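These notes are about the structure you will find just below.
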Amino acid sequence: MKIRTYLTLTAAAVLVPVILFAAVALNMLLNAERKAALRAVHETARATALSVDRELAAAEARLRALATSQHLTRQNLDSFYWQARNTLGSEEGWIVLFDRSGQQLVNTRTAFGDPLPRRSRPEIGIETMRNGSVYVSNLLHGNVVNRPVISVEVPVPHPDGPRFILSQAFVAEYFNRVFDQAAMAPDGVIGIFDRDGLTVARSRGAAEFVGKPTVPDLIEAARSADEGMLRTRNLEGKEVYGIYTRSKMSGWIVAVGVPINHIEDAARKAVLVSGIGLLAAIAGAIVVAYLLGRRLADAIGGAVRSATALGRGEQPAETSSGVVEVDRLHAALAEAGTILRRERDSRTAAEAERAALFASEQEARRLAEQQNKTKDEFLAMLGHELRNPLGAISNAVAIMETAGLSAESSQRAQAVISRQSQHLARIVDDLLDVSRVMSGKVFLNRQHLDLAESVRHCVASLSGTRRIGAHTLDVDVEPAWVDADPTRIEQVISNLLLNAAKYTPGAGCITVRVRACEGKAMLTVSDNGIGIPAQLMSQIFDVFVQGPAQLDRSQGGLGIGLALVQRLVMLHGGTVTAHSDGAGKGSMFIVALPLATEAGNAGSLGVPHPAAGGGYRVLLVEDNEDNRQTLSAVLSIFGHTVSAAGDGSAGLQAAMEEVPDVAVIDIGLPGIDGYEVARRLRASPVTRGIRLVAVTGYGQQEDRDRALAAGFDVHLVKPVEPARLLEAINRLAH
């Protein structure tokens, strides 16, 4: 007999018992599908209960964290109110603080200070204090929101026993979020019920059923077992499989109702699909038995063709005959061809990889050399920038120490020291500013200001310090009002002007324009200097990148000015662009800032004069003797009565003995630091009215916040200009 005949008889012998067995298997499949569908519903109920517990646990963790608040320990309810409000998201309910009697002390749902009601069941809070554990309420009626609510409560620990209860309250609709992640049939319903059987949340018909009891069958079943299944009718009257479980944290019931016909139809559908598949398999087996005989012969012929192709050095074609042994032979022949092809390809790839690695190594070496050169140039520039003012200061000090020095020479030496000290401070400020800007730690103090007035102020300031040199300044400005930080805007203008002066040799011309155009305030700074090379244009705003300066480096620079300009302008929502027609043709920088909606008056820092009538009593607490002596001398010159201390303990004693009007306190003091000094002064009835000024080298936003939290009125960063310190003292004391 032929192969086809053998295969047909084999198929018939196998199919008869298969058909009998299939009938039994389909019945078993029906039951298994029903159980699998119910298991999936049970998993949905458990997952929903876990989601409920997760929401309640998050509320408990939030409350226990708030229970450790220093504001609460000190009973500073105003500060605690804002801390509690900031702790919550917009949809996470509200925080309530109860005392032992059940009186609400704080409720973030209302404004602080509004009258608050007493809780209707104060014994719940007393029991929570006694147990010392979390309490999750049943569905309640919220007196403040006049809606169904639930609450999570924890006692506030205290050495003498809890005196307060912290509660986070939720409206019942809050728990609808747990349904979003539940895998549920379109006509199924998930319900959450409290320990008394009242509906807390429902995936369908929540507005109608929240606050109403669920079906009695479910309540009765839940009393006897924490998990289970029952056949019942839901609140809409449909006959359903009810799968329920309990929330471990709250004791609530989470139930999933799925219509009975949904479960049964799904099981029957699976059986129907399996039956159709079985019939199709039988029919297919008959056809396949006929076709396999011919395919087997064709497969053997294909193996012969593959072996012939391999012998000629060609890749055998990939074929699949359906016969395992023949397919293995085809696979072995194809693998042998693949090995030979890979061997050829690997040699080619190895050569290409070696070439790519060599090119990559060369590029990495070039980049490393360039970065190393940039680092060396920056360090050289920094050394030059620091040595020049330090040398000038050293020479001025030597002149002032000369016997018989004239008053005019002494004044010139003092002017040199003042000018070069400001130059050193600017170098340090630029280095710190670029670090803060690039790390995202700069905070803008925006106000309404006229960009034209800021330009005039910067031009006058730079001209007064002779930093512009012999260059001609052509200033043509028109009012253009912006909402910006005055200090940062002046920093942008100054850096652009100094950059233009630096790269404009001899008595060049620098032009400054301010115009309001199409909703933008346009600042243009142009010069007729050496221009910007084309290869440098793409990196002109990168840190430590600068063009070739004059050999004497009289204008100095660290290559961070333009990088700082770009980032400060971007923080204000603006843009800065650079233009140049090439070497020797000058350059132009254009800053565009959004115009303010209406004009206003920009504030300015006044220059103080010696105080009339004897000034104020000032206590100076500074551990650096030179700073202490020079600041005492400056304050005395301006009419203030100064007492000084070298550490925190001496400062506290001096403040107690003679209460000053203003205390200027360094933060980094030995022993007791400036923060602790401020806290102790604020805590004492004798000294709590003293106005406090923090003077410190720590100038980031978190340092300022920490100083204000400790009790300081003003936070100033070293080195402090005398004018700014005197203005702060006069304003606070007045």
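Please note that chains go A, B, ... in the order of the structure tokens, that every chain numbers its residues from 1, and that ligands are numbered from 1 in the order shown.
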
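Excluding Val258 (chain A) itself and same-chain residues fewer than 4 positions from it, the residues having an atom within 10 Å of it are Ala37, Leu38, Val41, Met184, Ala185, Pro186, Asp187, Gly188, Val189, Ile190, Arg231, Asn234, Lys238, Glu239, Val240, Tyr241, Gly242, Ile243, His262 and Ile263 of chain A, counting only C-alpha atoms.
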
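Minimum atom-to-atom distance to Asn499 (chain A), evaluated using only C-alpha atoms, belongs to A:Leu562 out of A:Leu562, A:Leu329, A:Val634, A:Leu77.
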
Residues near region 509-513 of chain A, cut-off 12 Å, only C-alpha atoms, skip fewer than 2 positions along chain, as a ChimeraX atom specification: /A:451-456,458-459,468-480,493-494,496-507,515-516,521-530,586-592

Per-residue DSSP, region 43-286 of chain A, filtered to strand (DSSP E), as a PyMOL selection string: chain A and resi 94-99+104-107+135-136+140-141+148-156+164-171+189-193+199-202+228-233+239-246+253-259

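Distances from A:Glu153, A:Leu30, A:Tyr81, A:Thr110 to Asp265 (chain A) were compared using only C-alpha atoms, and the smallest one belongs to A:Leu30.
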
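The residue set within 10 Å of region 396-405 of chain A, counting only C-alpha atoms and dropping same-chain residues fewer than 4 places from it, reads A:Leu390, A:Gly391, A:Ala392, A:Ser409, A:Ser410, A:Gln411, A:Arg412, A:Ala413, A:Gln414, A:Ala415, A:Val416, A:Ile417.
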
Would you write out those residues with C-alpha atoms, as a short mmCIF file (atom, residue, chain, number, x, y, z; two decimals), in the first residue's frame?
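The resulting selection.cif:
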```cif
data_model
loop_
_atom_site.label_atom_id
_atom_site.label_comp_id
_atom_site.auth_asym_id
_atom_site.auth_seq_id
_atom_site.Cartn_x
_atom_site.Cartn_y
_atom_site.Cartn_z
CA LEU A 390 44.34 90.55 45.27
CA GLY A 391 47.56 92.17 44.04
CA ALA A 392 45.89 95.58 43.86
CA SER A 409 46.86 108.86 48.74
CA SER A 410 45.00 107.15 51.55
CA GLN A 411 41.66 107.84 49.85
CA ARG A 412 42.97 106.48 46.53
CA ALA A 413 44.20 103.32 48.28
CA GLN A 414 40.82 102.91 49.99
CA ALA A 415 39.05 103.34 46.64
CA VAL A 416 41.30 100.64 45.13
CA ILE A 417 40.48 98.23 47.98
#
```

What's the 9 Å shell around Val621 (chain A), counting only C-alpha atoms, without same-chain residues fewer than 6 positions away, as an mmCIF file with C-alpha atoms, in the first residue's frame?
```cif
data_model
loop_
_atom_site.group_PDB
_atom_site.id
_atom_site.type_symbol
_atom_site.label_atom_id
_atom_site.label_comp_id
_atom_site.auth_asym_id
_atom_site.auth_seq_id
_atom_site.Cartn_x
_atom_site.Cartn_y
_atom_site.Cartn_z
ATOM 1 C CA ARG A 628 33.415 92.335 63.629
ATOM 2 C CA SER A 643 27.801 96.383 71.011
ATOM 3 C CA ALA A 644 29.660 93.319 69.703
ATOM 4 C CA ALA A 645 30.048 89.651 70.702
ATOM 5 C CA GLY A 646 32.313 86.928 69.316
ATOM 6 C CA ASP A 647 30.059 83.862 69.771
ATOM 7 C CA GLY A 648 26.439 82.875 70.309
ATOM 8 C CA ALA A 650 28.146 86.046 74.488
ATOM 9 C CA GLY A 651 25.593 87.463 72.060
ATOM 10 C CA ALA A 663 20.714 92.318 66.204
ATOM 11 C CA VAL A 664 22.991 91.465 63.247
ATOM 12 C CA ILE A 665 23.928 87.775 63.691
ATOM 13 C CA ASP A 666 26.305 85.533 61.750
ATOM 14 C CA LEU A 669 29.058 80.802 65.040
ATOM 15 C CA GLY A 674 23.001 81.713 64.588
#
```
